[in-house]
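Next comes start32.txt, with compact mmCIF, C-alpha atoms.
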```txt
# COMPACT_ATOMS: atom_id res chain seq x y z
CA MET A 1 145.23 84.73 189.30
CA ASP A 2 148.04 83.65 186.97
CA ALA A 3 148.14 84.62 183.30
CA THR A 4 146.70 81.34 181.95
CA THR A 5 143.80 81.37 184.42
CA ALA A 6 143.16 85.01 183.51
CA LYS A 7 143.03 84.08 179.83
CA LEU A 8 140.47 81.34 180.51
CA VAL A 9 138.38 83.68 182.66
CA ASP A 10 138.50 86.52 180.15
CA TYR A 11 137.54 84.16 177.35
CA ALA A 12 134.52 82.83 179.22
CA MET A 13 133.36 86.31 180.20
CA SER A 14 133.80 87.77 176.73
CA VAL A 15 131.64 85.39 174.67
CA ARG A 16 128.09 86.53 173.90
CA PHE A 17 125.36 84.63 172.10
CA GLU A 18 125.36 87.31 169.39
CA ASP A 19 129.00 86.41 168.65
CA LEU A 20 128.33 82.71 168.03
CA PRO A 21 128.54 81.59 164.40
CA THR A 22 125.42 79.93 163.02
CA GLY A 23 127.36 76.67 162.72
CA THR A 24 128.28 76.75 166.41
CA VAL A 25 124.66 77.27 167.47
CA SER A 26 123.53 74.43 165.22
CA ALA A 27 126.30 72.12 166.45
CA CYS A 28 125.44 72.94 170.06
CA LYS A 29 121.76 72.09 169.61
CA LYS A 30 122.72 68.84 167.89
CA ARG A 31 125.00 67.82 170.79
CA ILE A 32 122.46 68.75 173.45
CA LEU A 33 119.85 66.58 171.72
CA ASP A 34 122.35 63.76 171.29
CA THR A 35 123.24 63.99 174.98
CA LEU A 36 119.61 63.93 176.09
CA GLY A 37 119.18 60.81 173.98
CA CYS A 38 122.06 59.21 175.86
CA VAL A 39 120.30 60.05 179.14
CA ALA A 40 117.05 58.49 177.90
CA GLY A 41 118.80 55.31 176.85
CA ALA A 42 120.52 54.92 180.21
CA TYR A 43 117.68 56.11 182.44
CA ASP A 44 116.68 52.68 183.78
CA HIS A 45 120.24 51.37 184.13
CA PRO A 46 121.01 50.30 187.73
CA MET A 47 123.84 52.85 187.95
CA SER A 48 121.46 55.61 186.83
CA VAL A 49 119.01 54.59 189.54
CA ALA A 50 121.85 54.51 192.07
CA ALA A 51 123.06 57.97 191.04
CA ARG A 52 119.58 59.46 191.31
CA THR A 53 119.04 57.79 194.69
CA LEU A 54 122.35 59.11 195.98
CA ALA A 55 121.61 62.61 194.71
CA GLY A 56 118.24 62.52 196.42
CA ARG A 57 120.01 62.52 199.78
CA TYR A 58 121.22 66.09 199.17
CA SER A 59 118.92 69.09 199.23
CA MET A 60 119.42 72.84 198.94
CA ASP A 61 117.27 75.95 199.16
CA THR A 62 118.05 76.68 195.50
CA PRO A 63 117.95 73.20 193.93
CA ALA A 64 118.45 71.86 190.44
CA THR A 65 116.56 69.20 188.52
CA ILE A 66 117.49 65.62 187.72
CA LEU A 67 116.59 64.87 184.11
CA GLY A 68 113.66 62.56 183.55
CA GLY A 69 111.49 63.48 186.51
CA PRO A 70 110.52 66.14 189.02
CA GLN A 71 113.30 65.33 191.50
CA ASN A 72 115.03 68.49 192.79
CA VAL A 73 118.36 68.17 194.63
CA ALA A 74 121.47 70.16 195.43
CA PRO A 75 122.82 71.54 192.10
CA GLU A 76 126.16 69.80 192.27
CA MET A 77 124.40 66.47 192.86
CA ALA A 78 122.01 67.09 189.97
CA ALA A 79 125.11 67.63 187.83
CA PHE A 80 126.52 64.32 189.08
CA ALA A 81 123.36 62.28 188.55
CA ASN A 82 122.70 63.73 185.10
CA GLY A 83 126.36 63.30 184.21
CA VAL A 84 126.32 59.63 185.16
CA MET A 85 123.25 59.01 183.02
CA LEU A 86 124.60 60.77 179.94
CA ARG A 87 127.85 58.76 180.01
CA LEU A 88 126.74 55.30 181.10
CA LEU A 89 126.11 53.86 177.65
CA ASP A 90 129.38 55.25 176.22
CA LEU A 91 127.26 56.68 173.40
CA SER A 92 128.07 60.37 173.94
CA ASP A 93 130.40 62.50 171.83
CA THR A 94 134.18 62.59 171.92
CA TYR A 95 137.09 64.85 171.02
CA ARG A 96 140.72 63.91 170.67
CA VAL A 97 143.67 65.73 169.16
CA THR A 98 146.69 65.74 171.46
CA SER A 99 144.68 64.30 174.34
CA GLY A 100 140.95 63.83 174.59
CA GLY A 101 137.75 62.92 176.35
CA HIS A 102 133.99 63.30 176.20
CA PRO A 103 133.15 67.01 176.18
CA SER A 104 129.40 66.47 176.43
CA ASP A 105 130.07 65.59 180.08
CA VAL A 106 130.04 69.36 180.67
CA ILE A 107 126.37 69.64 179.71
CA ALA A 108 125.31 68.13 183.03
CA GLY A 109 127.08 70.85 184.97
CA VAL A 110 125.95 73.67 182.70
CA LEU A 111 122.30 72.61 183.01
CA ALA A 112 122.55 72.65 186.81
CA ALA A 113 124.21 76.07 186.84
CA ALA A 114 121.56 77.50 184.52
CA GLU A 115 118.98 76.77 187.20
CA LEU A 116 121.00 78.90 189.61
CA GLY A 117 121.42 81.84 187.28
CA THR A 118 120.54 82.91 183.74
CA ARG A 119 117.90 80.47 182.56
CA ASP A 120 117.14 81.27 178.92
CA GLY A 121 118.06 79.08 175.97
CA LYS A 122 120.49 81.54 174.41
CA SER A 123 122.50 81.70 177.63
CA LEU A 124 122.52 77.90 177.87
CA ILE A 125 123.80 77.55 174.30
CA THR A 126 126.48 80.17 174.97
CA ALA A 127 127.63 78.48 178.18
CA VAL A 128 127.74 75.00 176.62
CA SER A 129 129.73 76.37 173.66
CA ILE A 130 132.19 78.06 176.03
CA ALA A 131 132.61 74.90 178.10
CA TYR A 132 133.27 72.84 174.97
CA GLU A 133 135.80 75.39 173.74
CA ILE A 134 137.76 75.42 177.00
CA TYR A 135 137.64 71.61 177.23
CA CYS A 136 138.60 70.90 173.63
CA SER A 137 141.29 73.57 173.42
CA CYS A 138 143.09 71.93 176.34
CA CYS A 139 142.95 68.65 174.39
CA ASP A 140 144.62 70.53 171.53
CA GLY A 141 147.29 72.02 173.75
CA ALA A 142 148.69 69.18 175.84
CA ASP A 143 148.69 65.40 176.13
CA LEU A 144 147.64 65.22 179.76
CA ASN A 145 146.44 61.63 179.34
CA ALA A 146 149.93 60.38 178.49
CA GLN A 147 151.19 61.99 181.69
CA GLY A 148 148.69 60.08 183.78
CA TRP A 149 145.91 62.68 184.11
CA ASP A 150 142.33 61.96 183.12
CA GLN A 151 139.84 64.10 181.21
CA PRO A 152 138.10 65.52 184.33
CA VAL A 153 141.14 67.78 184.75
CA TYR A 154 140.02 70.00 181.90
CA GLY A 155 136.35 69.12 182.34
CA VAL A 156 136.16 70.56 185.84
CA VAL A 157 137.69 73.89 184.76
CA SER A 158 135.34 74.09 181.77
CA VAL A 159 132.26 73.54 183.92
CA ALA A 160 133.38 75.94 186.66
CA LEU A 161 133.84 78.82 184.21
CA ALA A 162 130.68 78.14 182.20
CA ALA A 163 128.73 77.78 185.44
CA GLY A 164 130.26 80.96 186.82
CA LYS A 165 129.20 82.87 183.74
CA LEU A 166 125.60 81.69 184.08
CA MET A 167 125.62 82.47 187.80
CA GLY A 168 126.84 86.02 187.25
CA LEU A 169 130.23 85.75 188.93
CA ASP A 170 132.54 88.73 188.52
CA ARG A 171 136.06 88.40 187.13
CA GLU A 172 137.72 87.87 190.50
CA GLN A 173 135.18 85.24 191.49
CA MET A 174 135.63 83.48 188.16
CA GLY A 175 139.36 83.22 188.86
CA HIS A 176 138.63 81.71 192.25
CA ALA A 177 136.13 79.28 190.70
CA ALA A 178 138.77 78.02 188.25
CA ALA A 179 141.31 77.57 191.05
CA LEU A 180 138.78 75.89 193.35
CA ALA A 181 137.86 73.53 190.52
CA LEU A 182 141.36 72.55 189.46
CA THR A 183 143.48 72.45 192.61
CA PRO A 184 141.43 69.90 194.62
CA ASN A 185 140.39 67.74 191.69
CA MET A 186 143.33 66.36 189.71
CA ALA A 187 141.98 63.06 188.35
CA MET A 188 144.20 60.06 187.54
CA PHE A 189 144.17 58.19 184.22
CA GLN A 190 144.16 54.90 186.14
CA THR A 191 140.38 55.20 185.72
CA ARG A 192 140.79 53.85 182.16
CA GLN A 193 143.34 51.09 182.73
CA GLY A 194 142.99 47.35 183.37
CA GLU A 195 139.59 45.86 184.20
CA LEU A 196 137.36 48.92 184.08
CA SER A 197 135.04 49.81 186.92
CA ASN A 198 131.84 51.81 187.27
CA TRP A 199 134.00 54.91 187.79
CA LYS A 200 134.89 54.95 184.10
CA GLY A 201 131.42 56.31 183.39
CA CYS A 202 131.28 58.51 186.48
CA ALA A 203 134.54 60.45 186.27
CA GLY A 204 133.18 63.11 183.91
CA ALA A 205 130.05 63.42 186.03
CA ASN A 206 132.24 64.03 189.06
CA ALA A 207 134.02 66.80 187.16
CA SER A 208 130.64 68.44 186.51
CA ARG A 209 129.75 68.08 190.17
CA ASN A 210 133.02 69.62 191.32
CA GLY A 211 132.87 72.39 188.71
CA VAL A 212 129.42 73.48 189.84
CA PHE A 213 130.50 73.30 193.50
CA ALA A 214 133.57 75.42 192.73
CA ALA A 215 131.36 78.10 191.19
CA ILE A 216 129.07 77.99 194.24
CA LEU A 217 132.10 78.32 196.54
CA ALA A 218 133.36 81.32 194.60
CA GLN A 219 129.92 82.93 194.64
CA SER A 220 129.91 82.40 198.40
CA ARG A 221 133.19 84.38 198.65
CA PHE A 222 135.54 81.44 199.13
CA SER A 223 138.93 82.15 197.61
CA GLY A 224 141.13 79.69 195.74
CA PRO A 225 144.91 79.35 195.34
CA SER A 226 146.31 82.34 193.49
CA ALA A 227 148.22 80.49 190.75
CA ALA A 228 146.51 77.16 190.18
CA ILE A 229 148.07 76.63 186.76
CA GLU A 230 151.40 78.46 186.70
CA GLY A 231 152.30 78.44 190.42
CA LYS A 232 155.15 76.58 192.09
CA PHE A 233 153.03 73.48 192.66
CA GLY A 234 150.29 74.23 190.14
CA LEU A 235 149.14 72.34 187.07
CA TRP A 236 152.27 73.06 185.06
CA GLU A 237 154.44 71.56 187.81
CA ASN A 238 152.63 68.26 187.20
CA THR A 239 152.19 68.40 183.43
CA GLY A 240 154.96 70.64 182.12
CA ARG A 241 154.36 74.07 180.67
CA PHE A 242 151.89 74.20 177.78
CA GLU A 243 149.82 76.77 175.96
CA TRP A 244 146.06 76.58 176.52
CA PRO A 245 145.15 77.70 172.98
CA LEU A 246 142.22 80.06 173.47
CA ASP A 247 141.96 83.43 171.76
CA VAL A 248 139.91 86.07 173.56
CA GLY A 249 137.66 87.62 170.94
CA LYS A 250 137.44 84.48 168.80
CA PRO A 251 134.03 82.82 169.12
CA PRO A 252 133.73 79.14 170.06
CA TYR A 253 133.92 76.70 167.15
CA ARG A 254 135.40 73.45 168.43
CA ILE A 255 132.01 72.03 169.42
CA GLY A 256 131.40 71.44 165.71
CA ARG A 257 134.56 69.32 165.52
CA THR A 258 133.56 66.81 168.18
CA ASP A 259 132.69 63.33 166.97
CA LEU A 260 129.34 61.63 167.58
CA LYS A 261 128.93 57.90 168.08
CA CYS A 262 126.67 55.39 166.38
CA PHE A 263 127.55 52.50 168.70
CA PRO A 264 127.83 52.41 172.52
CA VAL A 265 131.53 51.57 172.52
CA CYS A 266 134.77 53.48 173.01
CA TYR A 267 135.20 55.88 170.10
CA HIS A 268 138.46 54.22 169.07
CA GLY A 269 136.51 51.08 168.24
CA GLN A 270 133.87 52.71 166.02
CA SER A 271 135.82 52.31 162.77
CA ALA A 272 136.66 48.66 163.51
CA VAL A 273 132.97 47.93 164.06
CA TRP A 274 132.00 49.65 160.80
CA ALA A 275 134.78 47.84 158.91
CA THR A 276 133.66 44.49 160.32
CA LEU A 277 130.02 45.12 159.46
CA GLY A 278 131.12 45.81 155.90
CA LEU A 279 132.57 42.29 155.70
CA ARG A 280 129.73 40.46 157.42
CA ASP A 281 127.41 39.62 154.50
CA GLY A 282 127.67 35.91 153.71
CA LEU A 283 130.15 35.33 156.54
CA ASN A 284 129.72 32.17 158.61
CA VAL A 285 131.29 32.42 162.06
CA ASP A 286 132.31 28.76 162.00
CA ASP A 287 134.30 29.34 158.80
CA ILE A 288 136.52 32.07 160.36
CA ALA A 289 140.11 31.07 161.08
CA SER A 290 141.23 34.49 162.33
CA ILE A 291 140.43 38.19 162.37
CA HIS A 292 143.17 40.78 162.44
CA VAL A 293 142.66 44.46 163.26
CA ASP A 294 145.21 47.08 162.26
CA THR A 295 144.71 50.36 164.09
CA TYR A 296 146.49 53.36 165.62
CA GLY A 297 148.34 53.53 168.91
CA ILE A 298 145.75 55.11 171.17
CA ALA A 299 143.09 52.65 169.94
CA LYS A 300 145.28 49.68 170.79
CA GLY A 301 146.31 51.31 174.05
CA MET A 302 142.70 51.85 175.11
CA MET A 303 141.01 48.76 173.66
CA ALA A 304 143.63 46.00 173.35
CA ASN A 305 146.04 46.79 176.14
CA ALA A 306 145.50 43.91 178.57
CA PRO A 307 144.35 40.28 178.75
CA SER A 308 141.06 41.53 180.17
CA ARG A 309 140.20 42.93 176.74
CA TRP A 310 140.04 39.35 175.44
CA ALA A 311 137.91 38.20 178.38
CA PRO A 312 136.04 41.25 179.70
CA GLU A 313 134.15 40.72 182.94
CA THR A 314 132.40 44.09 183.16
CA ALA A 315 130.35 46.11 180.70
CA GLU A 316 132.86 48.94 181.11
CA SER A 317 135.71 46.68 179.99
CA ALA A 318 133.64 45.14 177.20
CA ASP A 319 132.76 48.43 175.53
CA HIS A 320 136.50 49.23 175.64
CA SER A 321 137.51 45.87 174.12
CA LEU A 322 138.31 45.66 170.41
CA PRO A 323 138.08 41.85 170.39
CA TYR A 324 134.66 41.97 172.04
CA VAL A 325 133.07 44.66 169.87
CA VAL A 326 134.46 43.14 166.66
CA SER A 327 133.06 39.76 167.74
CA LEU A 328 129.68 41.36 168.40
CA ALA A 329 129.71 42.94 164.94
CA VAL A 330 130.37 39.53 163.37
CA VAL A 331 127.90 37.50 165.42
CA ASP A 332 125.05 39.96 165.97
CA GLY A 333 125.44 42.48 163.16
CA THR A 334 124.67 45.29 165.59
CA ILE A 335 125.74 46.67 168.97
CA ASP A 336 123.30 48.14 171.44
CA VAL A 337 122.64 48.36 175.17
CA GLY A 338 121.78 44.66 175.30
CA SER A 339 125.23 43.76 173.99
CA PHE A 340 126.84 44.24 177.41
CA THR A 341 124.74 42.13 179.74
CA LYS A 342 126.40 39.47 181.88
CA ALA A 343 124.88 36.79 179.65
CA ARG A 344 126.46 38.28 176.52
CA LEU A 345 129.83 38.68 178.25
CA GLN A 346 129.75 34.96 179.04
CA ASP A 347 128.48 33.84 175.63
CA PRO A 348 130.74 30.93 174.55
CA GLN A 349 130.50 31.82 170.85
CA LEU A 350 131.75 35.34 171.51
CA SER A 351 134.45 34.07 173.87
CA ALA A 352 135.72 31.59 171.28
CA LEU A 353 135.74 34.16 168.48
CA MET A 354 137.65 36.68 170.58
CA GLN A 355 140.52 34.22 170.93
CA ARG A 356 140.89 34.24 167.12
CA ILE A 357 141.30 38.05 167.00
CA THR A 358 144.62 39.88 166.99
CA VAL A 359 145.28 43.61 167.09
CA ASP A 360 148.30 45.58 165.89
CA GLU A 361 149.30 49.23 165.87
CA THR A 362 150.71 50.09 162.44
CA ASP A 363 152.65 53.01 161.02
CA ASP A 364 150.11 53.73 158.28
CA MET A 365 147.23 53.88 160.77
CA ASN A 366 149.25 56.10 163.13
CA ALA A 367 150.01 58.44 160.24
CA LEU A 368 146.28 59.00 159.67
CA TYR A 369 145.45 59.69 163.32
CA PRO A 370 144.17 62.06 164.79
CA ASP A 371 142.83 63.64 161.58
CA ALA A 372 141.13 60.31 160.95
CA ALA A 373 140.19 57.45 163.30
CA PRO A 374 141.06 54.48 161.08
CA SER A 375 140.91 50.71 161.38
CA ARG A 376 141.55 47.93 158.90
CA VAL A 377 139.95 44.54 159.52
CA THR A 378 141.16 41.39 157.75
CA VAL A 379 139.14 38.19 157.99
CA ARG A 380 140.89 34.93 157.05
CA LEU A 381 138.69 31.89 156.47
CA LYS A 382 139.64 28.28 157.14
CA ASP A 383 139.88 27.64 153.39
CA GLY A 384 142.64 30.27 153.18
CA THR A 385 140.65 33.06 151.53
CA THR A 386 140.82 36.53 153.03
CA THR A 387 138.66 39.64 152.87
CA GLN A 388 139.60 43.08 154.09
CA ASN A 389 137.89 46.40 154.78
CA GLU A 390 139.29 49.72 155.94
CA ILE A 391 137.39 52.65 157.46
CA ARG A 392 139.11 55.97 158.03
CA TYR A 393 136.20 58.15 159.12
CA PRO A 394 133.53 56.25 161.06
CA LYS A 395 130.02 57.60 160.65
CA GLY A 396 129.64 60.49 163.11
CA HIS A 397 133.25 61.67 162.75
CA HIS A 398 133.34 65.40 162.01
CA GLU A 399 134.61 64.53 158.52
CA ALA A 400 131.67 62.12 158.07
CA PRO A 401 129.09 63.84 160.27
CA LEU A 402 125.67 62.66 161.26
CA SER A 403 123.00 64.85 159.72
CA SER A 404 120.40 66.55 161.89
CA THR A 405 117.92 63.92 160.74
CA GLU A 406 120.29 61.12 161.78
CA VAL A 407 120.87 62.68 165.21
CA GLU A 408 117.11 62.98 165.63
CA GLU A 409 116.66 59.31 164.73
CA LYS A 410 119.40 58.37 167.19
CA PHE A 411 117.49 60.31 169.85
CA ARG A 412 114.24 58.55 168.94
CA SER A 413 115.94 55.16 169.11
CA GLN A 414 117.04 55.85 172.69
CA PHE A 415 113.61 57.21 173.62
CA ARG A 416 111.68 54.38 171.93
CA PRO A 417 111.50 52.05 174.98
CA TYR A 418 109.19 54.59 176.62
CA ARG A 419 106.69 54.18 173.76
CA ASP A 420 105.95 57.88 173.47
CA ASP A 421 106.86 59.02 169.98
CA ALA A 422 104.94 62.26 170.41
CA LYS A 423 107.04 63.23 173.41
CA ALA A 424 110.23 62.41 171.51
CA ASP A 425 109.13 64.58 168.60
CA ALA A 426 108.22 67.40 170.98
CA MET A 427 111.67 67.22 172.56
CA ILE A 428 113.35 67.36 169.16
CA GLU A 429 111.26 70.38 168.20
CA LEU A 430 112.05 72.14 171.50
CA ILE A 431 115.82 71.72 171.19
CA GLY A 432 115.59 72.87 167.59
CA ARG A 433 114.30 76.24 168.81
CA LEU A 434 116.31 76.31 172.05
CA ASP A 435 117.59 79.80 171.32
CA ALA A 436 113.99 81.05 171.58
CA VAL A 437 113.26 79.33 174.90
CA GLU A 438 112.88 81.81 177.75
CA ASP A 439 113.27 79.36 180.65
CA ILE A 440 115.12 76.05 180.54
CA ASP A 441 112.51 74.61 182.87
CA ASP A 442 110.74 73.91 179.57
CA VAL A 443 113.52 71.43 178.76
CA PHE A 444 113.20 69.57 182.04
CA THR A 445 109.41 69.51 181.78
CA ALA A 446 109.42 68.24 178.18
CA PHE A 447 111.95 65.52 179.03
CA ALA A 448 110.20 64.26 182.17
```
What would you get if you wrote out this structure as structure tokens?
Amino acid sequence: MDATTAKLVDYAMSVRFEDLPTGTVSACKKRILDTLGCVAGAYDHPMSVAARTLAGRYSMDTPATILGGPQNVAPEMAAFANGVMLRLLDLSDTYRVTSGGHPSDVIAGVLAAAELGTRDGKSLITAVSIAYEIYCSCCDGADLNAQGWDQPVYGVVSVALAAGKLMGLDREQMGHAAALALTPNMAMFQTRQGELSNWKGCAGANASRNGVFAAILAQSRFSGPSAAIEGKFGLWENTGRFEWPLDVGKPPYRIGRTDLKCFPVCYHGQSAVWATLGLRDGLNVDDIASIHVDTYGIAKGMMANAPSRWAPETAESADHSLPYVVSLAVVDGTIDVGSFTKARLQDPQLSALMQRITVDETDDMNALYPDAAPSRVTVRLKDGTTTQNEIRYPKGHHEAPLSSTEVEEKFRSQFRPYRDDAKADAMIELIGRLDAVEDIDDVFTAFA
């Protein structure tokens, strides 16, 4: 294996639960609970049903569990189905420095791998923390998104190495797992351009699927290309040389710097929603002449980059549309799963308001990003008066974090449609003591 792959492998193999800072353990539990809440909220979505049905076509003598029920399937397909469910609502966490993505996608793959190997809660926390660290450190090291590569590129490597650790792979096998994850699975950023498709919410799940499969291949003595990152036609050939900033011997910490969401919309729209809500009191939609949003480059590039963002036809485009989510904040005063039905997308009041919204990238907003995720919303009324509100750190940002109590309430809100508050409370209690759980089957059973 090349030097960068060796560094990733050695990092994954070196981390022990005993080395994890208290803050990392706490942050990991919080993100696992948040992610399970996202699964609960999306469980009855047609795409969730489709993913579970598809996964049910694949069996294996050593299966893994699909969250929410007793269904056992091939581990890589459990990773896919669970990954689809946790991402569908676009309510899961995010991380962005140089590039970015949704690191909680890795949890689906790590859960599946834990059923193939070391099953206790401490090992699960360790593996999730490692996967987050590998994922997020790549986001620190290179802007792969700007070069046309999507977040599954670093997600698949993260899952393969965390899975390999849980499955007891040796160092050579871990190197093969990384190569077998990366080389066949370079994902294109076209996933997040134009009118967005179902694949927007499935790409991370596919990375989990492929990461688990790579670990299974390596365990089965399949070998991978010898220099997947630094070789003649390896990753660096496509992205340019960059440092993957991991330090062997330094425990994982980046999981505590990921940002949680309060609304099921692209993270780059969270601050605009909060800013709009702060202006809503006493506001009559019919009195609005225009709304202007000042934001940073990546937010405009993701959420105001095409005419489709002013007339979204799919839920995936709508939750990545600044005009749409700002209009929802004005009209409804909230954004939830019901905000993205076909009826809401075709609502004439929302459609008319979107046409009065403009979006600009500004130097002052760019200067604040990525340390902050700012937006400034200016509402001009027909009588000429204006009001303005600026949010730099939306609630859930690591500089304005959700408390444990708030994460628990977010989980309950997603679980509430099942009308079983006792089960929700039991799940919260279980994740709170996850490091004392001897078999993660307890998690699947409690969540069913």
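The coordinates place atom CA of A:Tyr324 at 15.3 Å from atom CA of A:Thr295.
The nearest approach to A:Phe415 among the residues A:Met188, A:Ala81, A:Leu116, A:Ala40, with only C-alpha atoms taken into account, belongs to A:Ala40.
Note that the spacing between atom CA of A:Phe444 and atom CA of A:Lys261 amounts to 24.1 Å.
Atom CA of A:Thr445 is positioned 14.7 Å from atom CA of A:Asp420.
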Considering all atoms listed in the file, return as a PyMOL selection string whatever protein or nucleic-acid residues lie within 9 Å of A:Asn198, sequence-local ones (same chain, fewer than 3 positions apart) excluded. chain A and resi 47+88+201-202+314-316
Report as a PDB file with C-alpha atoms, keeping the file's coordinate frame all protein, DNA and RNA residues lying within 12 Å of A:Ala424, evaluated on only C-alpha atoms, omitting residues in the same chain fewer than 5 positions from it.
```pdb
ATOM      1  CA  LEU A  33     119.850  66.580 171.720  1.00  0.00           C
ATOM      2  CA  LEU A  36     119.610  63.930 176.090  1.00  0.00           C
ATOM      3  CA  GLY A  37     119.180  60.810 173.980  1.00  0.00           C
ATOM      4  CA  ALA A  40     117.050  58.490 177.900  1.00  0.00           C
ATOM      5  CA  GLU A 408     117.110  62.980 165.630  1.00  0.00           C
ATOM      6  CA  GLU A 409     116.660  59.310 164.730  1.00  0.00           C
ATOM      7  CA  LYS A 410     119.400  58.370 167.190  1.00  0.00           C
ATOM      8  CA  PHE A 411     117.490  60.310 169.850  1.00  0.00           C
ATOM      9  CA  ARG A 412     114.240  58.550 168.940  1.00  0.00           C
ATOM     10  CA  SER A 413     115.940  55.160 169.110  1.00  0.00           C
ATOM     11  CA  GLN A 414     117.040  55.850 172.690  1.00  0.00           C
ATOM     12  CA  PHE A 415     113.610  57.210 173.620  1.00  0.00           C
ATOM     13  CA  ARG A 416     111.680  54.380 171.930  1.00  0.00           C
ATOM     14  CA  PRO A 417     111.500  52.050 174.980  1.00  0.00           C
ATOM     15  CA  TYR A 418     109.190  54.590 176.620  1.00  0.00           C
ATOM     16  CA  ARG A 419     106.690  54.180 173.760  1.00  0.00           C
ATOM     17  CA  GLU A 429     111.260  70.380 168.200  1.00  0.00           C
ATOM     18  CA  LEU A 430     112.050  72.140 171.500  1.00  0.00           C
ATOM     19  CA  ILE A 431     115.820  71.720 171.190  1.00  0.00           C
ATOM     20  CA  ALA A 446     109.420  68.240 178.180  1.00  0.00           C
ATOM     21  CA  PHE A 447     111.950  65.520 179.030  1.00  0.00           C
ATOM     22  CA  ALA A 448     110.200  64.260 182.170  1.00  0.00           C
TER      23      ALA A 448
END
```
Once you count only C-alpha atoms, what closest atom pair and distance in Å to one decimal does each residue of stretch 342-394 of chain A within 12 Å of stretch 264-267 of chain A have, with rows by chain and rising residue number, as JSON lines?
```
{"residue": "A:Ala372", "atom": "CA", "partner": "A:Tyr267", "partner_atom": "CA", "distance": 11.8}
{"residue": "A:Ala373", "atom": "CA", "partner": "A:Tyr267", "partner_atom": "CA", "distance": 8.6}
{"residue": "A:Pro374", "atom": "CA", "partner": "A:Tyr267", "partner_atom": "CA", "distance": 10.8}
{"residue": "A:Ser375", "atom": "CA", "partner": "A:Tyr267", "partner_atom": "CA", "distance": 11.6}
{"residue": "A:Tyr393", "atom": "CA", "partner": "A:Tyr267", "partner_atom": "CA", "distance": 11.3}
{"residue": "A:Pro394", "atom": "CA", "partner": "A:Tyr267", "partner_atom": "CA", "distance": 9.2}
```
Give as a ChimeraX atom specification every residue, naming chains and numbers as the document does, that has an atom within 10 Å of (140.0, 76.8, 192.1), counting all atoms listed in the file. /A:1,5,156-157,160,173-185,211,214-215,217-218,222-229
Can you take stretch 281-316 of chain A from the block and write C-alpha atoms as a PDB file, in the first residue's frame?
```pdb
ATOM      1  CA  ASP A 281     -43.769  38.254  13.590  1.00  0.00           C
ATOM      2  CA  GLY A 282     -46.373  40.703  12.301  1.00  0.00           C
ATOM      3  CA  LEU A 283     -45.381  40.078   8.683  1.00  0.00           C
ATOM      4  CA  ASN A 284     -48.187  39.818   6.128  1.00  0.00           C
ATOM      5  CA  VAL A 285     -47.188  37.908   2.999  1.00  0.00           C
ATOM      6  CA  ASP A 286     -49.311  40.158   0.788  1.00  0.00           C
ATOM      7  CA  ASP A 287     -47.390  43.216   2.021  1.00  0.00           C
ATOM      8  CA  ILE A 288     -43.980  41.857   0.893  1.00  0.00           C
ATOM      9  CA  ALA A 289     -42.465  43.530  -2.160  1.00  0.00           C
ATOM     10  CA  SER A 290     -39.215  41.545  -2.121  1.00  0.00           C
ATOM     11  CA  ILE A 291     -36.913  39.397  -0.013  1.00  0.00           C
ATOM     12  CA  HIS A 292     -33.177  39.455  -0.516  1.00  0.00           C
ATOM     13  CA  VAL A 293     -30.755  36.876   0.884  1.00  0.00           C
ATOM     14  CA  ASP A 294     -27.048  37.622   1.224  1.00  0.00           C
ATOM     15  CA  THR A 295     -24.996  34.495   1.773  1.00  0.00           C
ATOM     16  CA  TYR A 296     -21.651  32.814   1.037  1.00  0.00           C
ATOM     17  CA  GLY A 297     -20.521  31.195  -2.181  1.00  0.00           C
ATOM     18  CA  ILE A 298     -21.129  27.531  -1.456  1.00  0.00           C
ATOM     19  CA  ALA A 299     -24.643  28.312  -0.171  1.00  0.00           C
ATOM     20  CA  LYS A 300     -25.544  30.129  -3.365  1.00  0.00           C
ATOM     21  CA  GLY A 301     -23.826  27.448  -5.421  1.00  0.00           C
ATOM     22  CA  MET A 302     -25.814  24.665  -3.760  1.00  0.00           C
ATOM     23  CA  MET A 303     -29.171  26.375  -3.180  1.00  0.00           C
ATOM     24  CA  ALA A 304     -29.561  29.164  -5.754  1.00  0.00           C
ATOM     25  CA  ASN A 305     -27.572  27.890  -8.697  1.00  0.00           C
ATOM     26  CA  ALA A 306     -30.249  27.178 -11.301  1.00  0.00           C
ATOM     27  CA  PRO A 307     -33.767  28.193 -12.374  1.00  0.00           C
ATOM     28  CA  SER A 308     -35.025  24.960 -10.816  1.00  0.00           C
ATOM     29  CA  ARG A 309     -34.311  26.429  -7.383  1.00  0.00           C
ATOM     30  CA  TRP A 310     -37.064  28.995  -8.022  1.00  0.00           C
ATOM     31  CA  ALA A 311     -39.487  26.328  -9.255  1.00  0.00           C
ATOM     32  CA  PRO A 312     -38.454  23.015  -7.659  1.00  0.00           C
ATOM     33  CA  GLU A 313     -40.266  19.959  -8.953  1.00  0.00           C
ATOM     34  CA  THR A 314     -38.845  17.370  -6.559  1.00  0.00           C
ATOM     35  CA  ALA A 315     -38.491  17.258  -2.790  1.00  0.00           C
ATOM     36  CA  GLU A 316     -34.745  16.838  -3.277  1.00  0.00           C
TER      37      GLU A 316
END
```
